Structures are given as C-alpha cells and as structure tokens.
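Novice: Have a look at the structure that comes next, please.
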Amino acid sequence: MKSGLKFVLLFTAALWTGVVSAQQTATVTGTISDASNQQAVELVTVFIKGTKQAVSTDERGYFAIQVPANQRLTLGFRRVAYKEHSADLIPLNPGARFVLDVSMAPVQSNLEVVIKERRLEETSMIKERNLKDLRLLPSTTGNLESVLPHLALGTNTGTGGELSSQYQVRGGNYDENLVYVNDFEIYRPQLIRAGQQEGLTFPNIDLIRDLSFSSGGFQSKYGDKLSSVLDVKYKRPDSLRASASASLLGANAHIEGSIKPKKDSYRAFRYLVGARYKTTRLLLGSLDVKGQYQPDFTDIQTYLTYDLSRSWQIGLIGNFNRSVYRFQPESLSRAFGLIDYALQIRTAFEGQEVDDFTQTMAGVSFTYLPERVHNPLYHKFLASVWQSRENERFDILGSYILGELDTNLGSDNFGEIVNILGTGTQQTWVRDYLTVAVRNVEYKGGIEFQHDKPEEGLVRSHFLQWSTKAQVEQITDKINEWERLDSALYSLPYDTNALFVRRTLKTRNALESARFSGSFQDTWTWRKDGVRELQVIAGLRGQYWSLNNEGFVTPRAQILYKPLNIQKDISWRLATGMYYQPAFYRELRAPNGIVNPNVQAQKSAHVVGGFTYDFLWGKHRPVKMRLITELYYKKMWDLVSFDLDNVRIRYSGKNDSRGYATGLDLRLNGAFVKGAESWINLSFLRTREQLYGVQHMIRKVGDKEGRKVKDVPRPTDRLMNMSVYFQDHLRRNENVRMHLNLTVGTGLPFGLVDNNIVYRNTYRFKPYHRVDTGFGFQLWKQAWLTRHPHHFLRFTRDTWASIEVFNLLQVANEASNLWIKTITNTQYAIPNYLTGRRINFRIRMDF
C-alpha cells in the first residue's frame, strides 16, 4: 500500500511540475527517422538556431525541446552522414505543444528531407515503432504475441498462461483476433489442445519494423472478426544487417539488406530472411507430470521486395513452419484441495503422444504508388496460399489412485493417503488428421484529395480506401477418438448388460467453399493551426460465404478530436460499428464431430470511447510519457457458445447464445528510468452470456436449491488483469539492465465437463499471478571500438548476455482440470498446473 501511494504521489508531482514549468515556454517533440528505410535515427542534434540550446534524439529517434513562447524560431537538425535541414516554427502559446516528425535523408542518397506536423493517429490503434526493447524481454515462447498483454489494451493470455502465445481481447476467445503481415492475413492451427503443443507463430520480431493493434472499434479496411486486429509491417532494409541469439529455449537468426545496381538508382532489391528454433523442454521439465518431453519447433521465412520503377514494387513472402511434440508420460503425483481437506492423485502412465503441425504460406504483391503526383492514386494487388497439415496421435493409459491426505502435523502418517476415494484407469486414444488450404486474391486501392489553405493555416483532406477479396477454402477433417474410464474395476458408464466406453467420436468431414468480401472507407481530416484537429473515418464492409449463402454489410466509424489551443497534449476518440464474424471451421463442428453448415455469422456492436494524454515527466531532463484510457461496451448475439479446456476451444456448433462485454482499460508507458521504456496495463472486464431457451441457475455454498439468474459468466470473464513490463539499469552503468515482467489476473470461470448448461461456469480457477525477471549485460557495442580496438566481440555491433528467471515466485498457476469420476458418479476436478521456476541463459548479437 505504501509503495502504491508513493507512486501516485510521485506521478501527481511530476504532472504538476510539468504544468508549472510550461507557463513561459512551449514544447516541441517528435521523432526522427531515416528517409530510406524508416528506421529511427539516434544522436541527431536538434537545436534552436541563434542560441546554444540543443538536445539529442534517443535510440527511438525521439526528441523533446523547450522553446520560448510567442516567438518565431527556427529549429535545426544535424547529424553526421545525413543532410542538414531546418524548420521554421510559428509562435507558440505558453505551455503549448507542437509535434514534428522528420525524415532525414542520407548524404549520398537522392532523397529529400521531409518535415511534417504530426497527424492524428488512427482511431483506437496502439502503435509501436521501436521494438528493440521488446527483443530483450524475458519470454517463454519467443513469440511477438507473448508481449501483447504489455502493449495492447484489454489483452491477456487466458488459460494458456506462459506456455501459450494465444491471447484473449476484451472477453473474446482466441479465434476472434485478426493478424496481418504486410497486408497478408495470417491463419493459425486448428487442433492445438494445450500450450505445450504450441510452436512459433508467424510474426518474426527480428523482421518487424512496426506494429499496430486495435482492441475493438477498428476500421472497415480490416476483416471480419469480433475482437481485435494486429497489423504488422516488416522492415524495408537499406543496408546489410544481421542478428543471432541462442538460449536454453532455442535459437534464432536473421539477415537483411539491399542490393542496388548503382548508388543513385531507384531500382533496389531488398531481402529479409529469418530462421527460428524453439524447444520448451526446460520449462516442461518443471511440470508435475514426469516423463520424456521432446518438443521441437522450427520456422523459416523470407520477405523479398524489388523496386521495378519509382512507382512499382513487387513483394514476395514465404514461410515454412513445423511443430513436433512428442511426450511419453511416466508418473504424476499432485496434491490439491484445502488445508483441512487435502487430496492427492497418483498416476502411473503407459503410452505416448505424437503431434505434428506443418504450415506453409506463400504470397506475392504488386504495389503502385506514384511519386510527386497531386492527389496520388495507389493500387496494391495481393495473392497468397496457406496450407496447414495437422496430425494428433496418442494412446495413453493411466492407472490412478485418488485419496484424502492426513493433514495432522503430529500424525505419523502426515502427508500420506489415509482414505482412498477412488481407484481406476483412464485410457485416451486419438487419431485426428486435419488438412486446410486457403487461396485468395485481393485488390486494395486508395486516393487522397487535399484542399489546403496554407495562408489560413487550414488543412483539409479526404483519403478514400477500398478493397475487394475472393477466397477459396478446402478442409478435410478425419476424427477417430475414444476414451475409456473405469472406477474400482467397473467401466463407466456402468451397465450390467453391456460394456461401454465413456466417449467415442468417429467422423469424416470435407468442406469446400468460397468467400467474397469488400470494403470502402473515407478518412476526412480537418485541421486549423492553433485551434483544433478533427478526423472522421467512416466506411462499410461486406462479405458473402457460399457454404451457407449468408451475406451482410456492416457500417463502422471512428472520430478523433484533438484541441491545439490548450496546454495539454490530449486527443479524444470515439468508435462504433457492427462487427460480424462468419465461421471458419471449428465453429461449425459440434462436440459430436458433426458439421453444421447453417451456422450464421456471430454478431456484435461496439462502442469505444477514450483519450490519449502525452506529457513530459521531469523538470531538468523531461521524458515523454503516455497515458491511454478506453471505456467500451460490446453487445453480441447469434454467438456460438464454447467451453475452454487449456487453449482448446470446444464449440457447440450452433448459434445458441447472446451476451455482452464491458470494461475499462488503461495503459501508462514511458521512460520511468532514462533510456529504459516501461509499460503498465490495467484492465477491468465483465462479460456475460445467456444460452437461448435455457433458464440459468446458480447455487451458492449451503444452498439446497438453485437461484434463477439472467445470465452467466462467459469462459473468458476475467474481472481484472494487470501486466507490467519494467526496465531499469545501474545508476552509473546503463550497460547492466534489469527487466521485470509481472502479470496478475483474477481466475477464469469453468463448469462441469459433462453438464455445463443450466448451472453454467459456476466455478473459477485460482487467480493467475507470475513474475519473470531478467538481468542483461551489454558485453559490447560499436561505440567502444576506439577504446577497445582489439576486443574479441568487435565484429558485432551490439552483444547482450542475460540471465532470466521464469516464475520467480514459484507460483502453481492453473491451466485446466482433469476430471475423475468414481463409481458413485462423484466428479473431482483436479487442477492441471503450469510451469514452475526455471533459469535461462541467453545471448544476442547484432551485426
């Protein structure tokens, strides 16, 4: 409590200090990038001409300089190897903020320096352009998605925890999130049951230039999902660079560069190649299920571009991803329950599990963007093929004993089973094979109309964007599963006349369908210097699916308003619209394996409102801070209800429910410590549902009869979630750093495995809390070459070594339940725990 009060007081004092110091001055901030590759440029000197006042950009290319108010000034920008330039500023009011973005051209290029005032950011989009720090974040998965809970609003990892890269957004499930890489839509495997099986996701953090994320209320140009969109842009390299890293969890490497026939030629061939390998054997060894774990995950991808002319560019993207998970369980000893009523299950296993998931993707794009043309019209043509082959094979037999432990500290049998509640055998046999192929072609276009009046300080523009897409999907699914459960030598379900197994599932499904979609939107911007800026984005999106002959058209709109005549740098936004999600495949498949082709699109209406507040913290050397706050409400209907088992989603296979989600999200980020960016995300959520035609009931402890309720929690109902990523370094040595990754979330709901309808999701897992930390040591950087010309790492630009401690507090977080039923038909939910404490060593080199 005292530390929290201290933070609040410090935060308030910093804001007050910034306001007082701004009374006689104004502030100019912005970022400086390389005009040839859009990468941040550090150590650029930003100065006021005619004075000695100057600042330098940091590693993110960011600068902030205070200037005298009510005066005409000229800012200069200077750095070795770049063309020097200057910008004239209009007189600024006391306390006002002015934002400039500068693209500096290398001396030997034929590019021009571009200086422009910062326009409003896209509505409801969180943008990150500097991913350098994220590459050093302690991560158990090595995937970009594992850091999203620290960057994006309303995002958490759900039941998968640290083993999974899947994420839930504002009450949605894992299938409700769009992912794009360079405008290509990315898909993911369908059969994943547990986080242990998950491999490497498509986005490779070493290849990424920047990313944008929306947690809801996104634009019409993005596809048809209920929850979120992640838009990733890969680099456009201009020089030879490479990196390599290795740890006890795997290794990765990448190379990038460009080839030009002549130095001043507009023709250029650019390449990005990345390779990754991951193994989670170190983490899985901490699970209480002992055995031989052999997870092997590999990913190779490339992105190639060639400038055919100043206006035409061709791009090629390719990916091969293979995940193999082999597991031979041996034994399990797990205690659970209460202090005065503790239970333990002991199991001896036979058999093994072998899963493999292979995904391939190839895409080509042609982009036309004319240079120096008034009202430019751009075109982009895309075509891609994605294929996934997924195989699950396991035959595991477990013989268990479930009993009550002696909890009397003075007893000779303390910690031993003194009362056997059940013994039996559970055997699971699975042979599932799924093949998915998706082929599509897409056209995107846009044109911008400018109606500026510079003499009046007035900027007006319309940016029209449109797209159309055709897609063919082929799916072949073979399911063959059965489960046998006996208790006290009696097979369940028990019958005196026949022998039954608990569950059987044997089906074969084949689907082929076509989808057609399109969108149109207009971005209207109105800006009056020193007064206000207003941006309105409105559009329509439609889709038709041949499988069920369903078509729809949905409207979406966003409004962004920013006053320019006040001291605070704050912008307000409001977004609303209809968001429909047609089924892909899993939503069609009922628990009995039968496909229902008549499932209609799940539907929702979003209302999102919030603000972004940028401010400077500190008096002598202020640093930029950003506070983002959003309130939202989502009404949903025609939902396909589902249950979560670890990361496996079990759909009902029909439109059988309606619901809502509402909440508040906050994010604060900035350099709390100079040169070290940190993020704090806090989310509050309430999401409920009601199955059509069902009167839901709840029964509290001690109640003999249930009580009627209007709705029940959805499986993703996490009341509170907090994610913190904090960086620090030694006061006199920035080459020694600490990274702290803290996640705290309330428990997710669950219900009885065989009867989760009337009394639905009446139980909850324990709260999730986990701390991962890392200590990084910079062994070498190129700036040391003059002092250490013979250093053994001089062939690299930067070299970092780090020690990472996962699950520092050794918390036993729950991922799912193992259900045991006795001959008396009593069910026990035995928690499956996530990983324990592990130490990892990692080294990273940039060339």
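Ordered as shown in the structure tokens, chains take letters A, B, and onward, while each chain numbers its residues from 1 and ligands are numbered from 1 in the order shown.
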List the neighbours of A:Gly706 out to 12 Å using only C-alpha atoms; skip same-chain residues closer than 2 positions along the sequence, and give me the result as a PyMOL selection string.
Specialist: chain A and resi 695-704+708-709+758-760+762
Novice: How would you write, as a PyMOL selection string, the set of residues in stretch 513-620 of chain A that DSSP gives as strand (DSSP E)?
Specialist: chain A and resi 513-528+532-545+550-563+569-581+602-617
Novice: Rank A:Gln344, A:Asn182, A:Ser56, A:Asn419 by their smallest atom-to-atom distance to A:Tyr303, using only C-alpha atoms, and report the top residue only.
Specialist: A:Asn182
Novice: Which polymer residues have any atom within 8 Å of an atom of A:Asn735, counting only C-alpha atoms, with same-chain residues fewer than 6 positions away left out, as a VMD selection string?
Specialist: chain A and resid 729 776 to 779
Novice: Produce a file of the selected residues containing N, CA, C and O atoms, as a compact mmCIF listing (two decimals), in the first residue's frame.
Specialist:
# COMPACT_ATOMS: atom_id res chain seq x y z
N HIS A 729 18.26 0.22 -14.92
CA HIS A 729 19.69 -0.03 -15.12
C HIS A 729 20.46 0.59 -13.96
O HIS A 729 19.92 1.40 -13.19
N GLY A 776 20.30 -8.21 -17.81
CA GLY A 776 21.06 -8.13 -19.05
C GLY A 776 22.37 -7.39 -18.88
O GLY A 776 22.45 -6.39 -18.14
N PHE A 777 23.38 -7.86 -19.58
CA PHE A 777 24.72 -7.26 -19.52
C PHE A 777 25.18 -6.99 -20.95
O PHE A 777 25.30 -7.92 -21.76
N GLN A 778 25.43 -5.73 -21.26
CA GLN A 778 25.92 -5.40 -22.60
C GLN A 778 27.42 -5.66 -22.63
O GLN A 778 28.21 -4.96 -22.02
N LEU A 779 27.81 -6.68 -23.38
CA LEU A 779 29.21 -7.08 -23.46
C LEU A 779 29.99 -6.25 -24.46
O LEU A 779 31.22 -6.14 -24.34
Novice: Got a sec: who's within 8 Å of A:Ile570, counting only C-alpha atoms, leaving out chain neighbours fewer than 6 positions off, as a short mmCIF file (atom, residue, chain, number, x, y, z; two decimals) with N, CA, C and O atoms, in the first residue's frame?
Specialist:
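Writing done, so here's result20.cif:
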data_model
loop_
_atom_site.label_atom_id
_atom_site.label_comp_id
_atom_site.auth_asym_id
_atom_site.auth_seq_id
_atom_site.Cartn_x
_atom_site.Cartn_y
_atom_site.Cartn_z
N LYS A 562 -8.69 16.52 -31.47
CA LYS A 562 -7.54 17.00 -30.71
C LYS A 562 -7.53 18.53 -30.68
O LYS A 562 -7.34 19.17 -31.71
N PRO A 563 -7.72 19.13 -29.50
CA PRO A 563 -7.60 20.59 -29.40
C PRO A 563 -6.13 21.01 -29.46
O PRO A 563 -5.27 20.38 -28.84
N PHE A 611 -9.25 8.44 -24.47
CA PHE A 611 -8.36 9.54 -24.75
C PHE A 611 -6.92 9.09 -24.62
O PHE A 611 -6.60 8.07 -23.98
N THR A 612 -6.02 9.85 -25.26
CA THR A 612 -4.58 9.67 -25.15
C THR A 612 -3.98 10.97 -24.65
O THR A 612 -4.22 12.03 -25.24
N TYR A 613 -3.19 10.87 -23.60
CA TYR A 613 -2.59 12.07 -22.99
C TYR A 613 -1.08 11.90 -22.99
O TYR A 613 -0.54 11.00 -22.35
N ASP A 614 -0.39 12.76 -23.74
CA ASP A 614 1.07 12.77 -23.78
C ASP A 614 1.58 13.92 -22.91
O ASP A 614 1.11 15.06 -23.04
#
Novice: Please provide the set of residues having any atom within 6 Å of stretch 801-814 of chain A, restricted to only C-alpha atoms, with same-chain residues fewer than 4 positions apart removed, written as an mmCIF file with N, CA and C atoms, in the first residue's frame.
Specialist:
data_model
loop_
_atom_site.group_PDB
_atom_site.id
_atom_site.type_symbol
_atom_site.label_atom_id
_atom_site.label_comp_id
_atom_site.auth_asym_id
_atom_site.auth_seq_id
_atom_site.Cartn_x
_atom_site.Cartn_y
_atom_site.Cartn_z
ATOM 1 N N TYR A 768 -4.422 -15.891 -11.393
ATOM 2 C CA TYR A 768 -3.138 -16.116 -12.065
ATOM 3 C C TYR A 768 -2.184 -14.991 -11.677
ATOM 4 N N ARG A 770 2.216 -14.157 -11.799
ATOM 5 C CA ARG A 770 3.516 -14.677 -12.213
ATOM 6 C C ARG A 770 4.490 -13.520 -12.373
ATOM 7 N N VAL A 771 5.728 -13.770 -11.998
ATOM 8 C CA VAL A 771 6.802 -12.794 -12.151
ATOM 9 C C VAL A 771 7.957 -13.459 -12.900
ATOM 10 N N ASP A 772 8.330 -12.878 -14.025
ATOM 11 C CA ASP A 772 9.533 -13.268 -14.760
ATOM 12 C C ASP A 772 10.496 -12.094 -14.719
ATOM 13 N N THR A 773 11.759 -12.371 -14.527
ATOM 14 C CA THR A 773 12.738 -11.285 -14.471
ATOM 15 C C THR A 773 13.982 -11.689 -15.236
ATOM 16 N N GLY A 774 14.702 -10.694 -15.697
ATOM 17 C CA GLY A 774 15.939 -10.935 -16.431
ATOM 18 C C GLY A 774 16.968 -9.870 -16.102
ATOM 19 N N PHE A 775 18.217 -10.247 -16.147
ATOM 20 C CA PHE A 775 19.319 -9.326 -15.898
ATOM 21 C C PHE A 775 20.222 -9.353 -17.121
ATOM 22 N N GLY A 776 20.302 -8.211 -17.813
ATOM 23 C CA GLY A 776 21.061 -8.130 -19.051
ATOM 24 C C GLY A 776 22.371 -7.387 -18.876
ATOM 25 N N PHE A 777 23.384 -7.855 -19.585
ATOM 26 C CA PHE A 777 24.717 -7.256 -19.523
ATOM 27 C C PHE A 777 25.183 -6.988 -20.955
ATOM 28 N N ASN A 832 -4.784 -28.932 -13.452
ATOM 29 C CA ASN A 832 -3.533 -29.107 -14.197
ATOM 30 C C ASN A 832 -2.734 -27.823 -14.064
ATOM 31 N N TYR A 833 -1.540 -27.918 -13.538
ATOM 32 C CA TYR A 833 -0.751 -26.726 -13.242
ATOM 33 C C TYR A 833 0.181 -26.373 -14.403
ATOM 34 N N LEU A 834 0.536 -25.099 -14.450
ATOM 35 C CA LEU A 834 1.507 -24.607 -15.421
ATOM 36 C C LEU A 834 2.919 -24.785 -14.870
ATOM 37 N N GLY A 836 6.818 -24.330 -13.386
ATOM 38 C CA GLY A 836 7.415 -23.787 -12.169
ATOM 39 C C GLY A 836 8.603 -22.899 -12.487
ATOM 40 N N ARG A 837 9.445 -22.688 -11.467
ATOM 41 C CA ARG A 837 10.594 -21.795 -11.630
ATOM 42 C C ARG A 837 11.666 -22.461 -12.497
ATOM 43 N N ARG A 838 12.212 -21.684 -13.421
ATOM 44 C CA ARG A 838 13.296 -22.144 -14.271
ATOM 45 C C ARG A 838 14.237 -20.970 -14.554
ATOM 46 N N ILE A 839 15.515 -21.280 -14.759
ATOM 47 C CA ILE A 839 16.532 -20.269 -15.074
ATOM 48 C C ILE A 839 17.033 -20.505 -16.488
ATOM 49 N N ASN A 840 17.095 -19.427 -17.255
ATOM 50 C CA ASN A 840 17.510 -19.500 -18.645
ATOM 51 C C ASN A 840 18.667 -18.542 -18.888
ATOM 52 N N PHE A 841 19.563 -18.941 -19.753
ATOM 53 C CA PHE A 841 20.678 -18.068 -20.165
ATOM 54 C C PHE A 841 20.511 -17.759 -21.643
ATOM 55 N N ARG A 842 20.712 -16.474 -22.009
ATOM 56 C CA ARG A 842 20.526 -16.069 -23.401
ATOM 57 C C ARG A 842 21.614 -15.096 -23.801
ATOM 58 N N ILE A 843 22.043 -15.197 -25.054
ATOM 59 C CA ILE A 843 22.996 -14.255 -25.619
ATOM 60 C C ILE A 843 22.475 -13.806 -26.977
#
Novice: Skipping near chain neighbours, those fewer than 2 positions away, what residues fall within 6 Å of A:Leu89 using only C-alpha atoms, listed as a PDB file with N, CA, C and O atoms, in the first residue's frame?
Specialist:
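What follows is the written file selection.pdb:
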ATOM      1  N   ARG A  72       8.962  33.666 -33.066  1.00  0.00           N
ATOM      2  CA  ARG A  72       9.254  32.906 -34.272  1.00  0.00           C
ATOM      3  C   ARG A  72      10.657  32.315 -34.143  1.00  0.00           C
ATOM      4  O   ARG A  72      11.607  33.015 -33.842  1.00  0.00           O
ATOM      5  N   LEU A  73      10.748  31.018 -34.383  1.00  0.00           N
ATOM      6  CA  LEU A  73      12.006  30.317 -34.182  1.00  0.00           C
ATOM      7  C   LEU A  73      12.292  29.416 -35.378  1.00  0.00           C
ATOM      8  O   LEU A  73      11.407  29.086 -36.167  1.00  0.00           O
ATOM      9  N   THR A  74      13.551  29.019 -35.456  1.00  0.00           N
ATOM     10  CA  THR A  74      13.955  28.042 -36.468  1.00  0.00           C
ATOM     11  C   THR A  74      14.694  26.906 -35.781  1.00  0.00           C
ATOM     12  O   THR A  74      15.659  27.136 -35.048  1.00  0.00           O
TER      13      THR A  74
END
Novice: Excluding A:Glu84 and its own-chain neighbours fewer than 3 positions away, which residues fall within 12 Å of it when counting only C-alpha atoms? Please give them as a PyMOL selection string.
Specialist: chain A and resi 44-47+75-81+87+102-107+112-115
Novice: Quick one: write out the picked residues with C-alpha atoms as a PDB file, in the first residue's frame?
Specialist:
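File produced: result-v4.pdb:
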ATOM      1  CA  VAL A  44      20.580  13.714 -34.052  1.00  0.00           C
ATOM      2  CA  THR A  45      21.293  17.198 -32.696  1.00  0.00           C
ATOM      3  CA  VAL A  46      18.113  19.279 -32.532  1.00  0.00           C
ATOM      4  CA  PHE A  47      18.895  22.937 -31.822  1.00  0.00           C
ATOM      5  CA  LEU A  75      14.849  24.512 -35.449  1.00  0.00           C
ATOM      6  CA  GLY A  76      17.884  22.812 -36.952  1.00  0.00           C
ATOM      7  CA  PHE A  77      18.529  19.095 -37.385  1.00  0.00           C
ATOM      8  CA  ARG A  78      22.100  17.866 -37.789  1.00  0.00           C
ATOM      9  CA  ARG A  79      23.851  14.504 -37.822  1.00  0.00           C
ATOM     10  CA  VAL A  80      26.912  13.030 -39.459  1.00  0.00           C
ATOM     11  CA  ALA A  81      26.133  11.232 -42.773  1.00  0.00           C
ATOM     12  CA  ALA A  87      12.210  24.126 -39.942  1.00  0.00           C
ATOM     13  CA  VAL A 102      11.365  14.440 -39.517  1.00  0.00           C
ATOM     14  CA  SER A 103      12.635  12.021 -42.161  1.00  0.00           C
ATOM     15  CA  MET A 104      16.337  12.751 -42.715  1.00  0.00           C
ATOM     16  CA  ALA A 105      17.966  11.766 -45.990  1.00  0.00           C
ATOM     17  CA  PRO A 106      21.438  10.167 -46.124  1.00  0.00           C
ATOM     18  CA  VAL A 107      24.063  12.403 -47.759  1.00  0.00           C
ATOM     19  CA  GLU A 112      14.644  14.772 -49.841  1.00  0.00           C
ATOM     20  CA  VAL A 113      14.335  15.727 -46.207  1.00  0.00           C
ATOM     21  CA  VAL A 114      10.684  15.603 -45.163  1.00  0.00           C
ATOM     22  CA  ILE A 115       9.393  17.562 -42.159  1.00  0.00           C
TER      23      ILE A 115
END
Novice: So how far away is atom CA of A:Lys624 from atom CA of A:Gly670, in Å?
Specialist: 6.0 Å
